>>> print(open('model.cif').read())   # mmCIF, C-alpha atoms
data_entry
loop_
_atom_site.label_atom_id
_atom_site.label_comp_id
_atom_site.auth_asym_id
_atom_site.auth_seq_id
_atom_site.Cartn_x
_atom_site.Cartn_y
_atom_site.Cartn_z
CA MET A 26 21.74 -18.20 43.41
CA ARG A 27 20.63 -15.28 41.25
CA GLU A 28 17.16 -13.90 41.95
CA SER A 29 16.10 -14.50 38.33
CA THR A 30 16.97 -18.21 38.68
CA ILE A 31 14.96 -18.41 41.91
CA MET A 32 12.01 -16.71 40.21
CA LYS A 33 12.23 -19.03 37.19
CA ILE A 34 12.01 -21.96 39.63
CA HIS A 35 9.12 -20.15 41.39
CA TYR A 36 7.12 -19.80 38.15
CA ALA A 37 7.98 -23.33 36.96
CA THR A 38 6.91 -24.91 40.26
CA ALA A 39 3.63 -22.95 40.13
CA LEU A 40 2.88 -24.22 36.62
CA GLY A 41 3.93 -27.79 37.49
CA ALA A 42 1.83 -27.79 40.66
CA VAL A 43 -1.26 -26.50 38.82
CA VAL A 44 -0.95 -29.29 36.23
CA LEU A 45 -0.32 -32.08 38.77
CA VAL A 46 -3.00 -30.91 41.20
CA ALA A 47 -5.44 -30.82 38.28
CA VAL A 48 -4.51 -34.44 37.47
CA HIS A 49 -4.92 -35.32 41.15
CA VAL A 50 -8.37 -33.69 41.35
CA LEU A 51 -9.43 -35.39 38.10
CA PHE A 52 -8.38 -38.74 39.55
CA ARG A 53 -10.47 -38.07 42.67
CA ILE A 54 -13.52 -37.19 40.61
CA THR A 55 -13.25 -39.90 37.97
CA MET A 56 -12.12 -42.86 40.13
CA GLY A 57 -15.25 -43.02 42.27
CA SER A 58 -17.01 -40.46 44.45
CA PHE A 59 -15.08 -37.50 45.79
CA SER A 60 -16.07 -38.15 49.41
CA GLY A 61 -15.18 -41.82 49.02
CA SER A 62 -11.66 -40.84 47.97
CA LEU A 63 -10.98 -39.63 51.51
CA GLU A 64 -11.70 -43.02 53.08
CA TYR A 65 -8.77 -44.63 54.89
CA GLU A 66 -8.41 -47.68 52.65
CA GLN A 67 -8.71 -45.55 49.53
CA VAL A 68 -5.97 -43.18 50.70
CA LEU A 69 -3.66 -46.10 51.50
CA ALA A 70 -4.37 -47.62 48.07
CA ASN A 71 -3.26 -44.36 46.45
CA TYR A 72 0.07 -44.47 48.25
CA LYS A 73 0.62 -48.10 47.34
CA PHE A 74 0.11 -47.37 43.65
CA VAL A 75 3.69 -46.25 42.88
CA PRO A 76 3.05 -43.88 39.91
CA TYR A 77 0.40 -42.08 41.97
CA ALA A 78 2.70 -41.92 45.00
CA VAL A 79 5.42 -40.43 42.80
CA MET A 80 2.96 -37.81 41.60
CA LEU A 81 1.98 -36.96 45.20
CA GLU A 82 5.65 -36.68 46.09
CA LEU A 83 6.17 -34.32 43.15
CA ILE A 84 3.21 -32.18 44.23
CA LEU A 85 4.68 -32.05 47.72
CA VAL A 86 8.08 -30.89 46.43
CA LEU A 87 6.64 -28.37 43.95
CA LEU A 88 4.25 -26.80 46.46
CA SER A 89 6.88 -26.71 49.20
CA VAL A 90 9.45 -24.98 46.99
CA HIS A 91 6.86 -22.53 45.62
CA GLY A 92 5.22 -21.86 48.97
CA PHE A 93 8.39 -21.31 50.97
CA ASN A 94 9.87 -19.06 48.30
CA GLY A 95 6.62 -17.08 48.33
CA LEU A 96 6.89 -16.80 52.11
CA ARG A 97 10.52 -15.67 51.76
CA VAL A 98 9.50 -12.95 49.28
CA ILE A 99 6.71 -11.71 51.57
CA LEU A 100 9.04 -11.61 54.58
CA LEU A 101 11.76 -9.81 52.61
CA GLU A 102 9.27 -7.12 51.63
CA LEU A 103 8.03 -6.82 55.19
CA LYS A 104 11.34 -5.93 56.81
CA GLN A 105 14.89 -5.32 55.63
CA GLY A 106 18.32 -5.86 57.10
CA ARG A 107 21.28 -8.10 56.34
CA SER A 108 20.93 -10.50 59.30
CA TYR A 109 17.13 -10.57 59.04
CA GLU A 110 17.27 -11.40 55.34
CA LYS A 111 19.81 -14.17 55.91
CA ALA A 112 17.65 -15.60 58.71
CA VAL A 113 14.57 -15.52 56.45
CA THR A 114 16.38 -17.22 53.55
CA TYR A 115 17.94 -19.98 55.63
CA GLY A 116 14.79 -20.34 57.74
CA CYS A 117 12.69 -20.88 54.61
CA ILE A 118 15.17 -23.42 53.22
CA ALA A 119 15.10 -25.28 56.56
CA GLY A 120 11.28 -25.14 56.73
CA MET A 121 10.98 -26.40 53.17
CA THR A 122 13.44 -29.25 53.80
CA CYS A 123 11.61 -30.31 56.97
CA LEU A 124 8.23 -30.28 55.24
CA VAL A 125 9.49 -32.27 52.23
CA ALA A 126 11.27 -34.75 54.55
CA PHE A 127 8.19 -35.24 56.73
CA GLY A 128 5.83 -35.56 53.74
CA SER A 129 8.19 -37.95 51.94
CA ARG A 130 8.46 -40.06 55.08
CA THR A 131 4.65 -40.35 55.19
CA ILE A 132 4.42 -41.26 51.50
CA LEU A 133 7.26 -43.81 51.78
CA MET A 134 5.90 -45.44 54.92
CA ALA A 135 2.38 -45.66 53.51
CA SER A 136 3.56 -47.02 50.16
CA MET A 137 5.63 -49.69 51.89
CA GLY A 138 2.67 -50.71 54.03
CA MET A 139 4.14 -49.43 57.31
CA THR A 140 0.92 -48.07 58.78
CA MET B 6 -8.87 39.14 9.52
CA SER B 7 -6.48 37.83 12.08
CA GLU B 8 -7.25 40.82 14.33
CA THR B 9 -10.96 40.06 14.18
CA THR B 10 -10.32 36.41 15.03
CA PHE B 11 -8.16 37.47 17.93
CA ALA B 12 -10.86 39.83 19.17
CA GLU B 13 -13.48 37.10 18.87
CA GLU B 14 -11.29 34.71 20.75
CA GLN B 15 -10.76 37.23 23.47
CA SER B 16 -14.43 37.93 23.89
CA SER B 17 -15.28 34.24 23.84
CA THR B 18 -12.85 33.55 26.69
CA GLU B 19 -14.82 33.16 29.83
CA VAL B 20 -13.37 35.20 32.63
CA SER B 21 -14.29 33.30 35.74
CA SER B 22 -15.09 35.14 38.91
CA SER B 23 -12.70 34.75 41.75
CA LYS B 24 -13.76 31.79 43.87
CA THR B 25 -12.23 30.45 47.05
CA VAL B 26 -11.07 27.01 48.02
CA THR B 27 -9.99 25.56 51.35
CA LEU B 28 -6.37 24.54 51.10
CA ARG B 29 -5.47 21.98 53.77
CA ILE B 30 -1.72 21.92 54.15
CA ALA B 31 0.04 19.18 56.09
CA LYS B 32 2.55 20.76 58.45
CA PHE B 33 5.28 18.76 60.11
CA ASN B 34 8.72 19.60 61.36
CA PRO B 35 10.52 16.41 62.47
CA ASP B 36 12.75 18.46 64.80
CA HIS B 37 9.84 19.83 66.85
CA ASP B 38 6.56 18.09 66.07
CA SER B 39 5.43 14.67 67.17
CA GLY B 40 3.04 14.23 64.28
CA GLN B 41 1.62 15.76 61.14
CA GLN B 42 -1.05 18.45 61.53
CA PHE B 43 -3.32 19.96 58.93
CA VAL B 44 -3.82 23.72 58.74
CA ASP B 45 -6.68 25.14 56.66
CA PHE B 46 -6.38 28.29 54.57
CA LYS B 47 -9.01 30.00 52.41
CA VAL B 48 -7.42 31.00 49.15
CA PRO B 49 -8.91 32.64 46.06
CA TYR B 50 -8.44 30.88 42.76
CA GLU B 51 -9.13 31.33 39.08
CA ARG B 52 -9.65 28.70 36.43
CA TRP B 53 -5.93 28.65 35.71
CA THR B 54 -4.67 28.67 39.31
CA THR B 55 -2.46 25.69 40.04
CA VAL B 56 -2.07 24.07 43.44
CA LEU B 57 1.49 25.41 43.54
CA ASP B 58 0.16 28.95 42.95
CA ALA B 59 -2.24 28.47 45.85
CA VAL B 60 0.46 27.11 48.17
CA LEU B 61 2.73 30.03 47.26
CA ASP B 62 -0.18 32.40 47.83
CA VAL B 63 -0.54 31.01 51.35
CA LYS B 64 3.20 31.29 51.86
CA LYS B 65 3.21 34.91 50.69
CA HIS B 66 0.14 36.22 52.51
CA LEU B 67 -0.96 33.85 55.27
CA ASP B 68 1.83 31.63 56.60
CA HIS B 69 5.44 32.28 55.61
CA SER B 70 6.62 29.12 57.34
CA VAL B 71 5.06 26.68 54.85
CA ALA B 72 7.93 24.67 53.35
CA VAL B 73 7.57 23.77 49.68
CA ARG B 74 10.10 22.84 47.01
CA TYR B 75 9.57 24.21 43.50
CA SER B 76 11.47 25.63 40.59
CA CYS B 77 10.33 25.70 36.94
CA ARG B 78 6.52 25.88 37.38
CA GLN B 79 6.06 24.06 34.07
CA ALA B 80 6.37 20.35 34.89
CA SER B 81 9.95 20.18 33.70
CA CYS B 82 12.08 20.15 36.82
CA GLY B 83 10.12 17.64 38.92
CA SER B 84 10.60 19.57 42.17
CA CYS B 85 7.02 20.16 43.34
CA GLY B 86 5.80 16.58 43.69
CA MET B 87 3.31 16.21 46.52
CA LYS B 88 0.16 14.32 47.44
CA ILE B 89 -2.84 16.34 46.30
CA ASN B 90 -6.22 15.04 47.43
CA GLY B 91 -4.61 11.68 48.15
CA ARG B 92 -2.85 11.23 44.82
CA PRO B 93 0.79 11.99 44.02
CA ARG B 94 0.91 14.86 41.50
CA LEU B 95 3.04 17.78 40.46
CA ALA B 96 1.62 20.90 42.17
CA CYS B 97 2.54 23.11 39.19
CA PHE B 98 0.77 20.75 36.80
CA THR B 99 -2.48 20.43 38.76
CA LYS B 100 -5.14 23.11 38.43
CA ILE B 101 -7.46 23.60 41.40
CA SER B 102 -10.41 23.91 39.03
CA GLU B 103 -9.71 20.44 37.64
CA LEU B 104 -9.89 18.80 41.06
CA ASN B 105 -13.63 19.51 41.37
CA SER B 106 -13.42 19.84 45.12
CA ASP B 107 -14.01 22.62 47.64
CA VAL B 108 -11.21 21.29 49.80
CA VAL B 109 -7.74 20.65 48.40
CA THR B 110 -5.52 18.64 50.73
CA VAL B 111 -1.80 18.81 50.13
CA GLU B 112 0.58 16.44 51.88
CA PRO B 113 4.17 15.36 51.37
CA MET B 114 4.71 12.37 49.09
CA ASN B 115 4.50 8.90 50.61
CA ASN B 116 7.51 6.58 50.85
CA TYR B 117 10.03 9.38 51.46
CA PRO B 118 11.37 10.81 54.71
CA ILE B 119 9.88 14.25 55.40
CA ILE B 120 12.29 17.16 55.70
CA ARG B 121 9.55 19.67 56.54
CA ASP B 122 5.89 20.21 55.62
CA LEU B 123 5.66 19.36 51.89
CA VAL B 124 9.36 18.82 51.30
CA VAL B 125 10.68 15.27 51.23
CA LYS B 126 14.15 13.81 51.04
CA LEU B 127 14.79 12.38 47.57
CA ASP B 128 18.34 11.13 48.27
CA GLN B 129 17.42 7.43 48.16
CA MET B 130 15.68 7.84 44.81
CA PHE B 131 18.76 9.51 43.30
CA GLU B 132 21.00 6.83 44.84
CA ASN B 133 18.89 4.12 43.22
CA HIS B 134 18.88 6.08 39.97
CA LYS B 135 22.71 6.18 39.99
CA LYS B 136 22.86 2.45 40.82
CA VAL B 137 21.34 1.45 37.47
CA GLN B 138 24.06 3.31 35.54
CA PRO B 139 21.85 5.88 33.79
CA PHE B 140 24.26 6.63 30.96
CA LEU B 141 25.46 4.98 27.77
CA LEU B 142 28.03 2.28 28.43
CA ARG B 143 30.43 1.54 25.58
CA GLU B 144 34.12 1.57 24.86
CA ASP B 145 34.15 4.25 22.17
CA SER B 146 32.42 7.60 22.20
CA GLU B 147 30.93 10.00 19.71
CA ILE B 148 33.83 12.39 20.08
CA THR B 149 36.70 9.94 19.67
CA GLY B 150 37.69 9.30 16.08
CA PRO B 151 37.22 7.62 13.71
CA THR B 152 33.61 7.26 14.93
CA LYS B 153 31.24 10.12 14.24
CA GLU B 154 27.78 9.97 15.68
CA PHE B 155 25.72 6.96 16.62
CA ASN B 156 22.83 6.94 14.20
CA GLN B 157 19.44 5.58 15.20
CA THR B 158 16.41 4.74 13.12
CA PRO B 159 13.02 6.10 14.28
CA GLU B 160 12.09 2.54 15.27
CA GLN B 161 15.19 2.22 17.46
CA LEU B 162 14.39 5.56 19.07
CA GLU B 163 10.79 4.48 19.66
CA GLU B 164 12.03 1.58 21.80
CA TYR B 165 13.01 3.85 24.68
CA ILE B 166 12.06 7.48 23.96
CA GLN B 167 9.10 7.69 26.37
CA PHE B 168 11.39 6.58 29.21
CA ALA B 169 13.75 9.44 28.38
CA ASN B 170 10.95 11.84 29.41
CA CYS B 171 11.46 11.00 33.10
CA ILE B 172 12.02 14.19 35.12
CA LYS B 173 12.93 12.37 38.38
CA CYS B 174 10.03 13.91 40.28
CA GLY B 175 9.60 10.71 42.32
CA LEU B 176 5.81 10.49 42.00
CA CYS B 177 6.06 6.91 40.75
CA ASN B 178 8.06 5.81 43.79
CA SER B 179 5.55 7.58 46.01
CA ALA B 180 2.64 5.68 44.44
CA CYS B 181 4.40 2.30 44.50
CA PRO B 182 2.88 -0.11 47.06
CA THR B 183 6.09 -2.17 47.25
CA MET B 184 8.12 0.90 48.19
CA ALA B 185 5.77 1.43 51.14
CA THR B 186 7.12 -1.66 52.88
CA ASP B 187 10.41 -2.46 51.15
CA SER B 188 12.82 0.42 51.74
CA SER B 189 15.56 -1.40 49.80
CA PHE B 190 13.46 -1.81 46.63
CA LEU B 191 15.01 -0.02 43.65
CA GLY B 192 11.66 1.48 42.72
CA PRO B 193 9.87 2.15 39.42
CA GLN B 194 11.89 5.29 38.68
CA ALA B 195 15.26 3.51 38.70
CA LEU B 196 13.90 0.41 36.97
CA GLY B 197 12.26 2.53 34.27
CA GLN B 198 15.59 4.24 33.67
CA ALA B 199 17.38 0.89 33.59
CA TYR B 200 15.05 -0.11 30.76
CA ARG B 201 15.61 3.24 29.01
CA TYR B 202 19.34 2.42 28.63
CA VAL B 203 18.96 -1.33 28.10
CA ALA B 204 16.60 -0.63 25.18
CA ASP B 205 18.92 1.97 23.65
CA ASN B 206 20.76 0.32 20.74
CA ARG B 207 23.80 2.60 21.33
CA ASP B 208 24.30 1.13 24.79
CA LYS B 209 26.51 -1.90 25.37
CA GLY B 210 25.98 -2.28 29.11
CA LYS B 211 22.86 -4.43 29.08
CA ASN B 212 24.38 -7.37 30.96
CA SER B 213 25.94 -5.18 33.61
CA ARG B 214 22.64 -3.34 34.18
CA LEU B 215 20.56 -6.54 34.22
CA LYS B 216 22.93 -7.92 36.85
CA ILE B 217 22.29 -4.87 39.05
CA ILE B 218 18.51 -5.13 38.89
CA ASP B 219 18.50 -8.94 39.29
CA ASP B 220 18.66 -8.62 43.07
CA SER B 221 16.50 -9.73 45.99
CA HIS B 222 15.24 -6.12 46.22
CA GLY B 223 15.38 -5.50 42.50
CA ILE B 224 13.00 -6.03 39.63
CA TRP B 225 11.29 -9.16 40.99
CA ARG B 226 9.71 -7.32 43.89
CA CYS B 227 7.40 -5.38 41.55
CA HIS B 228 3.81 -6.68 41.86
CA PHE B 229 2.65 -4.85 38.73
CA ALA B 230 0.10 -2.68 40.54
CA GLY B 231 0.68 -0.13 37.76
CA SER B 232 0.17 2.90 40.00
CA CYS B 233 3.59 4.26 38.98
CA SER B 234 2.43 4.58 35.39
CA GLN B 235 -0.92 6.04 36.49
CA VAL B 236 0.64 8.98 38.33
CA CYS B 237 3.50 9.85 35.97
CA PRO B 238 2.96 13.44 34.77
CA LYS B 239 5.17 12.89 31.71
CA GLY B 240 3.40 9.81 30.37
CA VAL B 241 6.23 7.42 31.16
CA ASP B 242 5.10 3.82 31.76
CA PRO B 243 7.61 2.35 34.24
CA ALA B 244 5.37 -0.70 34.84
CA MET B 245 5.72 -1.62 31.17
CA GLY B 246 9.49 -1.08 31.27
CA ILE B 247 9.72 -3.39 34.27
CA GLN B 248 7.83 -6.12 32.42
CA PHE B 249 10.15 -5.72 29.41
CA LEU B 250 13.18 -5.99 31.69
CA ARG B 251 11.74 -9.18 33.16
CA GLY B 252 11.44 -10.43 29.60
CA TYR B 253 15.22 -10.00 29.19
CA LEU B 254 15.92 -11.82 32.45
CA LEU B 255 13.53 -14.69 31.64
CA GLY B 256 14.94 -15.03 28.13
CA PHE B 257 11.84 -13.86 26.22
CA ARG B 258 13.64 -10.75 24.93
CA LYS B 259 17.15 -10.55 23.51
#
>>> encode(input="model.cif", output="structure tokens")
Amino acid sequence: MRESTIMKIHYATALGAVVLVAVHVLFRITMGSFSGSLEYEQVLANYKFVPYAVMLELILVLLSVHGFNGLRVILLELKQGRSYEKAVTYGCIAGMTCLVAFGSRTILMASMGMT
Amino acid sequence: MSETTFAEEQSSTEVSSSKTVTLRIAKFNPDHDSGQQFVDFKVPYERWTTVLDAVLDVKKHLDHSVAVRYSCRQASCGSCGMKINGRPRLACFTKISELNSDVVTVEPMNNYPIIRDLVVKLDQMFENHKKVQPFLLREDSEITGPTKEFNQTPEQLEEYIQFANCIKCGLCNSACPTMATDSSFLGPQALGQAYRYVADNRDKGKNSRLKIIDDSHGIWRCHFAGSCSQVCPKGVDPAMGIQFLRGYLLGFRK
């Protein structure tokens, strides 16, 4: 993939994440007290409400893609070398996939009531 | 009348007394020395004495072994780039009197391998410069008929002319924080020159050049610190050129 395409995705995920996290924070503030939103039953209720669970899944994907690409960029600037750069790129893709898979599993299990 | 004016001008010119400054020169020979060492020299200076004059004064009278690269002495050749009081500058373009300091420290430029003392290896910069194809790319040429010359309007010239002032002194690369850690980064000099040709309406190689800079160590590694533009002795603004190039790659500019 061309670097410009990766960076377009990087910027788009940053913008998307800012918007969705803002919606998420607004929900926490407007739908009761902020501290109350962290209560166990309240968290489970969020996951069981499908549109909200979809939004959380989207935030997870956007932040994972953005964060791991940011990490890749930092590591590429830190050290250079063909094998190192390949390891960083594939390592970041693997890390991102694992994080998205683990987070999605949590969201799916909670939304299906498997707690 | 003109003679009188000239006489008045002469008498009004303040002739400063000869003052002295401590010139701290970084000395390092990679073949013999384990690390850089500073050697202090007391040198006289006048209002018009440049740092290069002072270094050459030391070389002539106090220490012949000081290694320094220079040529034109008028900020045209870009040979005498060095770090003067912590900032990359051209030694021939920096007057001691303007530094307002009793101690003038001269060191080799950052982000380049040191050959000796104040002389650095610029090979990588020239390699990167060549990579971005710093010439007009098109099928025809001004000398092949039936074409004559490629006319440009003043507005078309304005698009790139400041970037054509680059003298390849390498100060921008020396000031660049990305270059300090990323040795494969193209650098502001090469990217500024890429923009110079991309913005030239006579050039037809925009896509080829954009492909070269659209690399994992290309244009996207610039963090827009802007120090390259700050230190340029010719008023070139590579940071701006880099942002314009990003505009092409993101589709904001055509």
>>> interface_residues(input="model.cif", of="chain B", to="chain A", cutoff="8 Å", atoms="only C-alpha atoms", output="ChimeraX atom specification")
/B:183,186-189,219-221,225-226,254-255
>>> resolve_selection(input="model.cif", expression="the PyMOL selection byres ((chain A and resi 114) around 10)", output="list in words")
Phe93, Asn94, Leu96, Arg97, Val98, Leu100, Leu101, Ser108, Tyr109, Glu110, Lys111, Ala112, Val113, Tyr115, Gly116, Cys117, Ile118, Ala119 and Gly120 of chain A
>>> atom_distance(input="model.cif", atom1="atom CA of Lys259 of chain B", atom2="atom CA of Ala204 of chain B")
10.1 Å
>>> resolve_selection(input="model.cif", expression="the PyMOL selection byres ((chain B and resi 191) around 8)", output="PyMOL selection string")
chain B and resi 130+133+189-190+192-196+218+222-224
>>> resolve_selection(input="model.cif", expression="the PyMOL selection byres ((chain B and resi 114) around 8)", output="list in words")
Gly86, Met87, Lys88, Pro93, Glu112, Pro113, Asn115, Asn116, Tyr117, Leu123, Val125, Leu176 and Ser179 of chain B
>>> atom_distance(input="model.cif", atom1="atom CA of Gln161 of chain B", atom2="atom CA of Gln79 of chain B")
28.9 Å
>>> residues_around(input="model.cif", residues="Thr27 of chain B", least_positions_apart="6", cutoff="8 Å", atoms="only C-alpha atoms", output="list in words")
Asp45, Phe46, Lys47, Val48, Asp107, Val108 and Val109 of chain B
>>> atom_distance(input="model.cif", atom1="atom CA of Thr55 of chain B", atom2="atom CA of Ala96 of chain B")
6.6 Å
>>> closest_residue(input="model.cif", among="A:Ser60, A:Leu87, A:Ser129, A:Gly92", to="Gly41 of chain A", atoms="all atoms listed in the file")
A:Leu87
